[in-house]
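For reference, start.pdb (PDB, C-alpha atoms, pLDDT in the B column):
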```pdb
ATOM      1  CA  MET A   1     -24.827  53.634 -54.176  1.00 40.00           C
ATOM      2  CA  THR A   2     -24.538  53.281 -50.408  1.00 41.00           C
ATOM      3  CA  HIS A   3     -22.583  50.587 -48.661  1.00 46.00           C
ATOM      4  CA  GLY A   4     -23.748  49.195 -45.347  1.00 46.00           C
ATOM      5  CA  LYS A   5     -21.413  48.199 -42.586  1.00 44.00           C
ATOM      6  CA  PRO A   6     -19.918  44.744 -43.022  1.00 39.00           C
ATOM      7  CA  ASP A   7     -21.590  42.040 -40.993  1.00 38.00           C
ATOM      8  CA  THR A   8     -18.980  41.065 -38.411  1.00 43.00           C
ATOM      9  CA  ARG A   9     -21.246  38.807 -36.400  1.00 54.00           C
ATOM     10  CA  PRO A  10     -19.987  35.229 -36.115  1.00 64.00           C
ATOM     11  CA  SER A  11     -21.933  32.744 -38.193  1.00 87.00           C
ATOM     12  CA  GLU A  12     -24.591  30.576 -36.597  1.00 93.00           C
ATOM     13  CA  ALA A  13     -22.540  27.473 -37.404  1.00 93.00           C
ATOM     14  CA  ARG A  14     -19.465  28.867 -35.671  1.00 94.00           C
ATOM     15  CA  LEU A  15     -21.510  29.760 -32.615  1.00 95.00           C
ATOM     16  CA  ARG A  16     -22.977  26.262 -32.493  1.00 95.00           C
ATOM     17  CA  LEU A  17     -19.534  24.708 -32.779  1.00 96.00           C
ATOM     18  CA  LEU A  18     -18.097  26.924 -30.059  1.00 96.00           C
ATOM     19  CA  THR A  19     -21.081  26.453 -27.738  1.00 96.00           C
ATOM     20  CA  THR A  20     -20.942  22.693 -28.205  1.00 97.00           C
ATOM     21  CA  ALA A  21     -17.187  22.545 -27.677  1.00 97.00           C
ATOM     22  CA  THR A  22     -17.391  24.750 -24.585  1.00 96.00           C
ATOM     23  CA  ARG A  23     -19.985  22.483 -23.000  1.00 96.00           C
ATOM     24  CA  ILE A  24     -18.235  19.214 -23.809  1.00 97.00           C
ATOM     25  CA  PHE A  25     -14.638  20.318 -23.217  1.00 97.00           C
ATOM     26  CA  TYR A  26     -15.545  21.667 -19.804  1.00 97.00           C
ATOM     27  CA  SER A  27     -17.626  18.700 -18.685  1.00 96.00           C
ATOM     28  CA  GLU A  28     -15.538  15.870 -20.141  1.00 96.00           C
ATOM     29  CA  GLY A  29     -12.054  17.202 -20.852  1.00 96.00           C
ATOM     30  CA  ILE A  30     -10.317  18.209 -24.060  1.00 97.00           C
ATOM     31  CA  HIS A  31      -8.192  15.267 -25.211  1.00 96.00           C
ATOM     32  CA  SER A  32     -11.023  12.781 -24.706  1.00 94.00           C
ATOM     33  CA  VAL A  33     -13.355  14.623 -27.105  1.00 95.00           C
ATOM     34  CA  GLY A  34     -12.819  14.223 -30.819  1.00 94.00           C
ATOM     35  CA  ILE A  35     -13.743  16.562 -33.628  1.00 95.00           C
ATOM     36  CA  ASP A  36     -16.285  14.086 -35.017  1.00 96.00           C
ATOM     37  CA  ARG A  37     -18.351  14.285 -31.854  1.00 96.00           C
ATOM     38  CA  ILE A  38     -18.360  18.075 -31.859  1.00 97.00           C
ATOM     39  CA  ILE A  39     -19.349  18.139 -35.521  1.00 97.00           C
ATOM     40  CA  SER A  40     -22.159  15.680 -34.839  1.00 96.00           C
ATOM     41  CA  GLU A  41     -23.571  17.450 -31.792  1.00 96.00           C
ATOM     42  CA  ALA A  42     -23.254  20.887 -33.389  1.00 96.00           C
ATOM     43  CA  LYS A  43     -25.064  19.526 -36.456  1.00 95.00           C
ATOM     44  CA  VAL A  44     -22.627  20.919 -39.016  1.00 95.00           C
ATOM     45  CA  THR A  45     -20.625  19.353 -41.809  1.00 95.00           C
ATOM     46  CA  ARG A  46     -16.923  18.560 -41.565  1.00 95.00           C
ATOM     47  CA  ALA A  47     -16.258  21.181 -44.250  1.00 95.00           C
ATOM     48  CA  THR A  48     -18.085  23.779 -42.158  1.00 95.00           C
ATOM     49  CA  PHE A  49     -16.008  22.892 -39.120  1.00 96.00           C
ATOM     50  CA  TYR A  50     -12.708  23.299 -40.950  1.00 95.00           C
ATOM     51  CA  ARG A  51     -13.868  26.541 -42.545  1.00 95.00           C
ATOM     52  CA  HIS A  52     -14.188  28.070 -39.081  1.00 95.00           C
ATOM     53  CA  PHE A  53     -11.504  26.125 -37.218  1.00 96.00           C
ATOM     54  CA  PRO A  54      -8.586  24.825 -39.313  1.00 95.00           C
ATOM     55  CA  SER A  55      -7.599  22.449 -36.509  1.00 95.00           C
ATOM     56  CA  LYS A  56      -8.781  21.167 -33.153  1.00 96.00           C
ATOM     57  CA  ASP A  57      -6.201  23.408 -31.477  1.00 96.00           C
ATOM     58  CA  ASP A  58      -7.872  26.439 -33.049  1.00 96.00           C
ATOM     59  CA  LEU A  59     -11.177  25.339 -31.529  1.00 97.00           C
ATOM     60  CA  ILE A  60      -9.554  24.778 -28.130  1.00 97.00           C
ATOM     61  CA  LEU A  61      -8.055  28.276 -28.201  1.00 97.00           C
ATOM     62  CA  ALA A  62     -11.444  29.722 -29.137  1.00 97.00           C
ATOM     63  CA  TYR A  63     -13.004  27.797 -26.231  1.00 97.00           C
ATOM     64  CA  LEU A  64     -10.497  29.185 -23.735  1.00 98.00           C
ATOM     65  CA  ARG A  65     -10.948  32.713 -25.095  1.00 97.00           C
ATOM     66  CA  GLU A  66     -14.711  32.321 -24.731  1.00 96.00           C
ATOM     67  CA  VAL A  67     -14.324  31.301 -21.086  1.00 97.00           C
ATOM     68  CA  HIS A  68     -11.902  34.193 -20.565  1.00 98.00           C
ATOM     69  CA  GLU A  69     -14.434  36.671 -21.947  1.00 97.00           C
ATOM     70  CA  MET A  70     -17.143  35.320 -19.631  1.00 96.00           C
ATOM     71  CA  GLU A  71     -14.867  35.630 -16.607  1.00 97.00           C
ATOM     72  CA  ARG A  72     -13.696  39.080 -17.642  1.00 97.00           C
ATOM     73  CA  ASP A  73     -17.299  40.260 -18.000  1.00 97.00           C
ATOM     74  CA  THR A  74     -18.018  39.051 -14.454  1.00 95.00           C
ATOM     75  CA  VAL A  75     -14.947  40.786 -13.037  1.00 96.00           C
ATOM     76  CA  GLU A  76     -15.624  44.038 -14.897  1.00 95.00           C
ATOM     77  CA  ALA A  77     -19.230  44.045 -13.655  1.00 95.00           C
ATOM     78  CA  ALA A  78     -17.989  43.598 -10.081  1.00 94.00           C
ATOM     79  CA  ILE A  79     -15.617  46.534 -10.488  1.00 94.00           C
ATOM     80  CA  ALA A  80     -18.206  48.763 -12.165  1.00 93.00           C
ATOM     81  CA  THR A  81     -20.886  48.248  -9.517  1.00 91.00           C
ATOM     82  CA  ASN A  82     -18.707  48.512  -6.395  1.00 85.00           C
ATOM     83  CA  SER A  83     -16.821  51.691  -5.665  1.00 83.00           C
ATOM     84  CA  SER A  84     -15.145  51.156  -2.274  1.00 87.00           C
ATOM     85  CA  PRO A  85     -11.655  49.577  -2.229  1.00 88.00           C
ATOM     86  CA  VAL A  86     -12.690  46.187  -0.827  1.00 94.00           C
ATOM     87  CA  GLU A  87     -16.146  45.701  -2.327  1.00 95.00           C
ATOM     88  CA  PRO A  88     -15.039  44.789  -5.881  1.00 96.00           C
ATOM     89  CA  LEU A  89     -12.770  42.105  -4.411  1.00 97.00           C
ATOM     90  CA  ARG A  90     -15.613  40.788  -2.256  1.00 96.00           C
ATOM     91  CA  ALA A  91     -17.882  40.739  -5.310  1.00 96.00           C
ATOM     92  CA  ILE A  92     -15.306  38.828  -7.364  1.00 97.00           C
ATOM     93  CA  ALA A  93     -14.903  36.317  -4.540  1.00 97.00           C
ATOM     94  CA  GLY A  94     -18.684  36.020  -4.297  1.00 97.00           C
ATOM     95  CA  SER A  95     -18.994  35.236  -8.005  1.00 97.00           C
ATOM     96  CA  ILE A  96     -16.316  32.533  -7.645  1.00 98.00           C
ATOM     97  CA  ALA A  97     -18.155  31.007  -4.697  1.00 98.00           C
ATOM     98  CA  GLN A  98     -21.412  31.087  -6.648  1.00 97.00           C
ATOM     99  CA  ASN A  99     -19.727  29.353  -9.582  1.00 97.00           C
ATOM    100  CA  ILE A 100     -18.374  26.617  -7.315  1.00 98.00           C
ATOM    101  CA  GLN A 101     -21.909  25.879  -6.117  1.00 97.00           C
ATOM    102  CA  SER A 102     -23.480  25.936  -9.576  1.00 96.00           C
ATOM    103  CA  PRO A 103     -24.833  22.751 -11.224  1.00 94.00           C
ATOM    104  CA  GLY A 104     -22.278  20.983 -13.401  1.00 93.00           C
ATOM    105  CA  PHE A 105     -19.294  22.663 -11.766  1.00 97.00           C
ATOM    106  CA  ARG A 106     -16.106  20.830 -12.687  1.00 96.00           C
ATOM    107  CA  GLY A 107     -13.347  23.093 -11.482  1.00 96.00           C
ATOM    108  CA  CYS A 108     -11.440  25.811 -13.319  1.00 97.00           C
ATOM    109  CA  ALA A 109     -11.491  25.441 -17.089  1.00 97.00           C
ATOM    110  CA  PHE A 110      -7.960  26.840 -17.318  1.00 98.00           C
ATOM    111  CA  LEU A 111      -6.453  24.647 -14.618  1.00 97.00           C
ATOM    112  CA  ASN A 112      -8.154  21.641 -16.199  1.00 97.00           C
ATOM    113  CA  ALA A 113      -6.696  22.551 -19.583  1.00 97.00           C
ATOM    114  CA  ALA A 114      -3.262  23.118 -18.038  1.00 97.00           C
ATOM    115  CA  ALA A 115      -3.275  19.549 -16.741  1.00 96.00           C
ATOM    116  CA  GLU A 116      -3.867  18.321 -20.306  1.00 96.00           C
ATOM    117  CA  TYR A 117      -1.287  20.610 -21.924  1.00 96.00           C
ATOM    118  CA  PRO A 118       1.893  20.598 -19.803  1.00 93.00           C
ATOM    119  CA  GLY A 119       4.203  21.832 -22.584  1.00 93.00           C
ATOM    120  CA  ALA A 120       5.256  25.417 -21.869  1.00 92.00           C
ATOM    121  CA  ASP A 121       5.546  26.313 -25.570  1.00 94.00           C
ATOM    122  CA  HIS A 122       2.147  24.995 -26.645  1.00 95.00           C
ATOM    123  CA  PRO A 123      -0.280  27.747 -27.744  1.00 96.00           C
ATOM    124  CA  VAL A 124      -2.959  26.353 -25.398  1.00 97.00           C
ATOM    125  CA  ARG A 125      -0.590  26.632 -22.447  1.00 97.00           C
ATOM    126  CA  GLN A 126       0.317  30.176 -23.448  1.00 97.00           C
ATOM    127  CA  GLU A 127      -3.369  31.091 -23.620  1.00 97.00           C
ATOM    128  CA  ILE A 128      -3.816  29.749 -20.085  1.00 98.00           C
ATOM    129  CA  ILE A 129      -0.866  31.770 -18.797  1.00 97.00           C
ATOM    130  CA  ALA A 130      -2.180  34.930 -20.474  1.00 97.00           C
ATOM    131  CA  HIS A 131      -5.564  34.503 -18.786  1.00 98.00           C
ATOM    132  CA  ARG A 132      -4.022  33.925 -15.383  1.00 98.00           C
ATOM    133  CA  GLN A 133      -1.714  36.920 -15.778  1.00 98.00           C
ATOM    134  CA  TRP A 134      -4.717  39.105 -16.621  1.00 98.00           C
ATOM    135  CA  PHE A 135      -6.531  37.904 -13.486  1.00 98.00           C
ATOM    136  CA  LEU A 136      -3.479  38.447 -11.275  1.00 98.00           C
ATOM    137  CA  ASP A 137      -2.843  41.927 -12.731  1.00 98.00           C
ATOM    138  CA  THR A 138      -6.496  42.863 -12.184  1.00 97.00           C
ATOM    139  CA  LEU A 139      -6.386  41.720  -8.561  1.00 97.00           C
ATOM    140  CA  SER A 140      -3.085  43.548  -7.998  1.00 97.00           C
ATOM    141  CA  THR A 141      -4.647  46.784  -9.233  1.00 96.00           C
ATOM    142  CA  LEU A 142      -7.631  46.315  -6.940  1.00 96.00           C
ATOM    143  CA  MET A 143      -5.480  45.322  -3.962  1.00 96.00           C
ATOM    144  CA  ALA A 144      -3.370  48.453  -4.462  1.00 95.00           C
ATOM    145  CA  GLN A 145      -6.456  50.472  -3.547  1.00 93.00           C
ATOM    146  CA  VAL A 146      -6.631  48.581  -0.255  1.00 93.00           C
ATOM    147  CA  HIS A 147      -2.890  48.650   0.577  1.00 90.00           C
ATOM    148  CA  GLN A 148      -0.317  49.655  -2.008  1.00 91.00           C
ATOM    149  CA  GLU A 149       2.776  48.082  -0.440  1.00 92.00           C
ATOM    150  CA  THR A 150       1.358  44.547  -0.255  1.00 93.00           C
ATOM    151  CA  ALA A 151      -0.799  44.618  -3.384  1.00 95.00           C
ATOM    152  CA  ASP A 152       1.206  42.038  -5.357  1.00 96.00           C
ATOM    153  CA  PRO A 153       1.610  39.386  -2.640  1.00 96.00           C
ATOM    154  CA  ALA A 154      -1.998  39.908  -1.560  1.00 96.00           C
ATOM    155  CA  ALA A 155      -3.169  39.374  -5.140  1.00 97.00           C
ATOM    156  CA  ARG A 156      -1.102  36.190  -5.398  1.00 98.00           C
ATOM    157  CA  HIS A 157      -2.622  35.035  -2.105  1.00 97.00           C
ATOM    158  CA  PHE A 158      -6.122  35.657  -3.494  1.00 98.00           C
ATOM    159  CA  VAL A 159      -5.296  33.641  -6.622  1.00 98.00           C
ATOM    160  CA  MET A 160      -4.009  30.742  -4.534  1.00 98.00           C
ATOM    161  CA  LEU A 161      -7.155  30.781  -2.388  1.00 98.00           C
ATOM    162  CA  ARG A 162      -9.211  30.788  -5.564  1.00 98.00           C
ATOM    163  CA  ASP A 163      -7.236  27.947  -7.161  1.00 98.00           C
ATOM    164  CA  GLY A 164      -7.588  25.811  -4.044  1.00 97.00           C
ATOM    165  CA  ALA A 165     -11.314  26.461  -3.835  1.00 98.00           C
ATOM    166  CA  MET A 166     -11.849  25.681  -7.519  1.00 97.00           C
ATOM    167  CA  ALA A 167      -9.979  22.388  -7.163  1.00 96.00           C
ATOM    168  CA  ALA A 168     -11.720  21.394  -3.926  1.00 97.00           C
ATOM    169  CA  GLY A 169     -15.169  22.526  -5.047  1.00 96.00           C
ATOM    170  CA  CYS A 170     -15.669  19.567  -7.379  1.00 92.00           C
ATOM    171  CA  LEU A 171     -14.285  17.047  -4.866  1.00 93.00           C
ATOM    172  CA  PHE A 172     -15.885  18.044  -1.568  1.00 94.00           C
ATOM    173  CA  ASP A 173     -19.000  19.829  -0.297  1.00 97.00           C
ATOM    174  CA  PRO A 174     -19.144  22.926  -2.544  1.00 97.00           C
ATOM    175  CA  ALA A 175     -21.039  24.964   0.064  1.00 97.00           C
ATOM    176  CA  LEU A 176     -18.391  24.292   2.693  1.00 98.00           C
ATOM    177  CA  VAL A 177     -15.577  24.958   0.216  1.00 98.00           C
ATOM    178  CA  SER A 178     -17.200  28.269  -0.770  1.00 98.00           C
ATOM    179  CA  GLU A 179     -17.636  29.288   2.856  1.00 98.00           C
ATOM    180  CA  THR A 180     -13.994  28.509   3.606  1.00 98.00           C
ATOM    181  CA  PHE A 181     -12.839  30.403   0.520  1.00 98.00           C
ATOM    182  CA  LEU A 182     -14.896  33.500   1.354  1.00 98.00           C
ATOM    183  CA  ARG A 183     -13.626  33.442   4.940  1.00 98.00           C
ATOM    184  CA  GLY A 184     -10.067  33.324   3.629  1.00 97.00           C
ATOM    185  CA  VAL A 185     -10.630  36.264   1.290  1.00 97.00           C
ATOM    186  CA  GLU A 186     -12.290  38.237   4.081  1.00 96.00           C
ATOM    187  CA  GLY A 187      -9.279  37.628   6.316  1.00 96.00           C
ATOM    188  CA  LEU A 188      -6.935  38.741   3.540  1.00 96.00           C
ATOM    189  CA  LEU A 189      -8.895  41.946   3.039  1.00 95.00           C
ATOM    190  CA  LEU A 190      -9.067  42.603   6.781  1.00 95.00           C
ATOM    191  CA  ILE A 191      -5.316  42.249   7.242  1.00 93.00           C
ATOM    192  CA  ASN A 192      -4.525  44.613   4.392  1.00 92.00           C
ATOM    193  CA  THR A 193      -7.191  47.122   5.393  1.00 89.00           C
ATOM    194  CA  GLU A 194      -5.759  47.208   8.923  1.00 85.00           C
ATOM    195  CA  ARG A 195      -2.268  47.728   7.522  1.00 79.00           C
ATOM    196  CA  GLN A 196      -3.489  50.724   5.562  1.00 69.00           C
ATOM    197  CA  SER A 197      -5.319  52.138   8.576  1.00 66.00           C
ATOM    198  CA  THR A 198      -2.246  51.748  10.776  1.00 72.00           C
ATOM    199  CA  GLU A 199       0.025  53.471   8.267  1.00 65.00           C
ATOM    200  CA  SER A 200      -2.454  56.284   7.731  1.00 65.00           C
ATOM    201  CA  ALA A 201      -2.614  56.889  11.488  1.00 57.00           C
ATOM    202  CA  ASP A 202       1.191  57.022  11.897  1.00 56.00           C
TER
END
```
Go through the file and emit its structure as structure tokens.
Amino acid sequence: MTHGKPDTRPSEARLRLLTTATRIFYSEGIHSVGIDRIISEAKVTRATFYRHFPSKDDLILAYLREVHEMERDTVEAAIATNSSPVEPLRAIAGSIAQNIQSPGFRGCAFLNAAAEYPGADHPVRQEIIAHRQWFLDTLSTLMAQVHQETADPAARHFVMLRDGAMAAGCLFDPALVSETFLRGVEGLLLINTERQSTESAD
């Protein structure tokens, strides 16, 4: 008797719940959306919901992890398709600018969630911090290829430019916000590239 590989694919019901929650949480906020609405729009039973997500917090964590995976895929694609030191950073900035100008943009999902979960010990808050640390570490690694000595502060500068653009992008003209953000990133890359060139020439 042969045994096939176990089916590890998530169930259709779980996918519907997560897709529904991702859409509504992002567009309307987390606290304002109740479980009953998600169950109704996902067209599942309450028992099915609790089988996949024992609590609303479990669903919220799954939502944030889903957004993290989408952002990580975008960043990894930028790194894989751009080999020079600055091009992956430009590509990441370009994807952020494109996101800001996309229909239904409502800021950063993680910053939005942070505003709703201020408690440092809450699992949602910890998930947010973990995502942001991953992004900062990734940028630091990329910036080190541009200029090793200033990689960490340059990465923090990039994150602050990104945070400002994500906040402003849903309040003001997204095209203008994106242009300003990209100009800021370009200036950051130019400064650090020139530092590296100067040190290499000395």
- Which residue of A:Arg125, A:His157, A:Arg183, A:His131 approaches Ile60 in chain A most closely, using only C-alpha atoms: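 Using only C-alpha atoms, Ile60 in chain A sits closest to A:Arg125.
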- Using all atoms listed in the file, give me every residue within 10 Å of (-17.2, 17.5, -34.5) in file coordinates, as a list in words. Leu17, Thr20, Ala21, Val33, Gly34, Ile35, Asp36, Arg37, Ile38, Ile39, Ser40, Glu41, Ala42, Lys43, Val44, Thr45, Arg46, Thr48, Phe49, Tyr50 and Lys56 of chain A
For Gly187 in chain A, list every protein, DNA or RNA residue within 12 Å, evaluated using all atoms listed in the file, and leave out those in the same chain fewer than 4 positions away; present the list as a PDB file with C-alpha atoms, keeping the file's coordinate frame.
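Saved result, out_30.pdb, follows:
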```pdb
ATOM      1  CA  VAL A  86     -12.690  46.187  -0.827  1.00 94.00           C
ATOM      2  CA  ARG A  90     -15.613  40.788  -2.256  1.00 96.00           C
ATOM      3  CA  ALA A 154      -1.998  39.908  -1.560  1.00 96.00           C
ATOM      4  CA  HIS A 157      -2.622  35.035  -2.105  1.00 97.00           C
ATOM      5  CA  PHE A 158      -6.122  35.657  -3.494  1.00 98.00           C
ATOM      6  CA  LEU A 161      -7.155  30.781  -2.388  1.00 98.00           C
ATOM      7  CA  THR A 180     -13.994  28.509   3.606  1.00 98.00           C
ATOM      8  CA  PHE A 181     -12.839  30.403   0.520  1.00 98.00           C
ATOM      9  CA  LEU A 182     -14.896  33.500   1.354  1.00 98.00           C
ATOM     10  CA  ARG A 183     -13.626  33.442   4.940  1.00 98.00           C
ATOM     11  CA  ILE A 191      -5.316  42.249   7.242  1.00 93.00           C
ATOM     12  CA  ASN A 192      -4.525  44.613   4.392  1.00 92.00           C
ATOM     13  CA  THR A 193      -7.191  47.122   5.393  1.00 89.00           C
ATOM     14  CA  GLU A 194      -5.759  47.208   8.923  1.00 85.00           C
TER      15      GLU A 194
END
```
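Remark: for Leu15 in chain A, the closest of the candidate residues A:Leu59, A:Leu176, A:Ile30, A:Ile79 is A:Leu59 (distances computed over all atoms listed in the file).
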Local residues around (-19.1, 30.9, -30.5), at most 12 Å away, using only C-alpha atoms, as a PDB file with C-alpha atoms, in the coordinates of the input:
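Result file is point.pdb:
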```pdb
ATOM      1  CA  ARG A   9     -21.246  38.807 -36.400  1.00 54.00           C
ATOM      2  CA  PRO A  10     -19.987  35.229 -36.115  1.00 64.00           C
ATOM      3  CA  SER A  11     -21.933  32.744 -38.193  1.00 87.00           C
ATOM      4  CA  GLU A  12     -24.591  30.576 -36.597  1.00 93.00           C
ATOM      5  CA  ALA A  13     -22.540  27.473 -37.404  1.00 93.00           C
ATOM      6  CA  ARG A  14     -19.465  28.867 -35.671  1.00 94.00           C
ATOM      7  CA  LEU A  15     -21.510  29.760 -32.615  1.00 95.00           C
ATOM      8  CA  ARG A  16     -22.977  26.262 -32.493  1.00 95.00           C
ATOM      9  CA  LEU A  17     -19.534  24.708 -32.779  1.00 96.00           C
ATOM     10  CA  LEU A  18     -18.097  26.924 -30.059  1.00 96.00           C
ATOM     11  CA  THR A  19     -21.081  26.453 -27.738  1.00 96.00           C
ATOM     12  CA  THR A  20     -20.942  22.693 -28.205  1.00 97.00           C
ATOM     13  CA  ALA A  21     -17.187  22.545 -27.677  1.00 97.00           C
ATOM     14  CA  THR A  22     -17.391  24.750 -24.585  1.00 96.00           C
ATOM     15  CA  ARG A  23     -19.985  22.483 -23.000  1.00 96.00           C
ATOM     16  CA  ALA A  42     -23.254  20.887 -33.389  1.00 96.00           C
ATOM     17  CA  HIS A  52     -14.188  28.070 -39.081  1.00 95.00           C
ATOM     18  CA  PHE A  53     -11.504  26.125 -37.218  1.00 96.00           C
ATOM     19  CA  LEU A  59     -11.177  25.339 -31.529  1.00 97.00           C
ATOM     20  CA  ILE A  60      -9.554  24.778 -28.130  1.00 97.00           C
ATOM     21  CA  LEU A  61      -8.055  28.276 -28.201  1.00 97.00           C
ATOM     22  CA  ALA A  62     -11.444  29.722 -29.137  1.00 97.00           C
ATOM     23  CA  TYR A  63     -13.004  27.797 -26.231  1.00 97.00           C
ATOM     24  CA  LEU A  64     -10.497  29.185 -23.735  1.00 98.00           C
ATOM     25  CA  ARG A  65     -10.948  32.713 -25.095  1.00 97.00           C
ATOM     26  CA  GLU A  66     -14.711  32.321 -24.731  1.00 96.00           C
ATOM     27  CA  VAL A  67     -14.324  31.301 -21.086  1.00 97.00           C
ATOM     28  CA  GLU A  69     -14.434  36.671 -21.947  1.00 97.00           C
ATOM     29  CA  MET A  70     -17.143  35.320 -19.631  1.00 96.00           C
TER      30      MET A  70
END
```
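Residues matching the PyMOL selection byres ((chain A and resi 94-96) around 9) in this structure come to Thr74, Val75, Ala78, Leu89, Arg90, Ala91, Ile92, Ala93, Ala97, Gln98, Asn99, Ile100, Gln101, Arg162, Ala165, Met166, Ser178 and Leu182 of chain A.
Closest approach to Ser32 in chain A among A:Glu179, A:Asn82, A:Ala120, A:Ala113: A:Ala113, based on only C-alpha atoms.
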- Message: What would the selection look like, as a ChimeraX atom specification, if the PyMOL selection byres ((chain A and resi 116) around 12) were run on the coordinates I just shared?
- Response: /A:25,28-32,60,109-115,117-120,122,124-125,128
Taking only C-alpha atoms, show range 73-129 of chain A of the given structure as a PDB file, in the first residue's frame.
```pdb
ATOM      1  CA  ASP A  73       7.643  38.484  -2.174  1.00  0.00           C
ATOM      2  CA  THR A  74       7.852  41.969  -3.713  1.00  0.00           C
ATOM      3  CA  VAL A  75      11.147  42.743  -1.981  1.00  0.00           C
ATOM      4  CA  GLU A  76      12.686  39.375  -2.869  1.00  0.00           C
ATOM      5  CA  ALA A  77      11.675  39.830  -6.517  1.00  0.00           C
ATOM      6  CA  ALA A  78      13.342  43.255  -6.543  1.00  0.00           C
ATOM      7  CA  ILE A  79      16.537  41.761  -5.137  1.00  0.00           C
ATOM      8  CA  ALA A  80      16.518  38.775  -7.496  1.00  0.00           C
ATOM      9  CA  THR A  81      16.072  40.827 -10.665  1.00  0.00           C
ATOM     10  CA  ASN A  82      18.520  43.653  -9.901  1.00  0.00           C
ATOM     11  CA  SER A  83      22.178  42.906  -9.399  1.00  0.00           C
ATOM     12  CA  SER A  84      23.885  46.294  -8.947  1.00  0.00           C
ATOM     13  CA  PRO A  85      24.125  47.720  -5.400  1.00  0.00           C
ATOM     14  CA  VAL A  86      21.554  50.499  -5.834  1.00  0.00           C
ATOM     15  CA  GLU A  87      19.063  48.941  -8.242  1.00  0.00           C
ATOM     16  CA  PRO A  88      17.314  46.623  -5.741  1.00  0.00           C
ATOM     17  CA  LEU A  89      16.746  49.622  -3.463  1.00  0.00           C
ATOM     18  CA  ARG A  90      15.380  51.656  -6.371  1.00  0.00           C
ATOM     19  CA  ALA A  91      13.095  48.760  -7.302  1.00  0.00           C
ATOM     20  CA  ILE A  92      11.800  48.456  -3.732  1.00  0.00           C
ATOM     21  CA  ALA A  93      11.142  52.199  -3.642  1.00  0.00           C
ATOM     22  CA  GLY A  94       9.394  51.947  -7.007  1.00  0.00           C
ATOM     23  CA  SER A  95       7.080  49.204  -5.750  1.00  0.00           C
ATOM     24  CA  ILE A  96       6.205  51.351  -2.712  1.00  0.00           C
ATOM     25  CA  ALA A  97       5.433  54.320  -4.946  1.00  0.00           C
ATOM     26  CA  GLN A  98       3.291  52.120  -7.180  1.00  0.00           C
ATOM     27  CA  ASN A  99       1.390  50.843  -4.146  1.00  0.00           C
ATOM     28  CA  ILE A 100       0.723  54.390  -2.949  1.00  0.00           C
ATOM     29  CA  GLN A 101      -0.873  55.208  -6.304  1.00  0.00           C
ATOM     30  CA  SER A 102      -2.947  52.030  -6.500  1.00  0.00           C
ATOM     31  CA  PRO A 103      -6.767  52.099  -6.203  1.00  0.00           C
ATOM     32  CA  GLY A 104      -8.007  51.614  -2.651  1.00  0.00           C
ATOM     33  CA  PHE A 105      -4.704  52.585  -1.057  1.00  0.00           C
ATOM     34  CA  ARG A 106      -5.200  53.287   2.636  1.00  0.00           C
ATOM     35  CA  GLY A 107      -1.705  53.556   4.013  1.00  0.00           C
ATOM     36  CA  CYS A 108       0.518  50.905   5.571  1.00  0.00           C
ATOM     37  CA  ALA A 109      -1.381  47.935   6.961  1.00  0.00           C
ATOM     38  CA  PHE A 110       1.150  47.581   9.780  1.00  0.00           C
ATOM     39  CA  LEU A 111       1.166  51.230  10.804  1.00  0.00           C
ATOM     40  CA  ASN A 112      -2.632  51.206  10.717  1.00  0.00           C
ATOM     41  CA  ALA A 113      -2.698  48.132  12.943  1.00  0.00           C
ATOM     42  CA  ALA A 114      -0.133  49.683  15.291  1.00  0.00           C
ATOM     43  CA  ALA A 115      -2.456  52.633  15.855  1.00  0.00           C
ATOM     44  CA  GLU A 116      -5.186  50.196  16.939  1.00  0.00           C
ATOM     45  CA  TYR A 117      -2.929  48.060  19.144  1.00  0.00           C
ATOM     46  CA  PRO A 118      -0.695  50.355  21.230  1.00  0.00           C
ATOM     47  CA  GLY A 119       0.114  47.755  23.909  1.00  0.00           C
ATOM     48  CA  ALA A 120       3.737  46.647  23.558  1.00  0.00           C
ATOM     49  CA  ASP A 121       3.028  43.128  24.861  1.00  0.00           C
ATOM     50  CA  HIS A 122       0.072  42.370  22.595  1.00  0.00           C
ATOM     51  CA  PRO A 123       0.783  39.619  20.026  1.00  0.00           C
ATOM     52  CA  VAL A 124      -0.493  41.880  17.218  1.00  0.00           C
ATOM     53  CA  ARG A 125       1.977  44.585  18.207  1.00  0.00           C
ATOM     54  CA  GLN A 126       4.786  42.040  18.342  1.00  0.00           C
ATOM     55  CA  GLU A 127       3.875  40.823  14.856  1.00  0.00           C
ATOM     56  CA  ILE A 128       4.090  44.412  13.602  1.00  0.00           C
ATOM     57  CA  ILE A 129       7.507  44.907  15.189  1.00  0.00           C
TER      58      ILE A 129
END
```
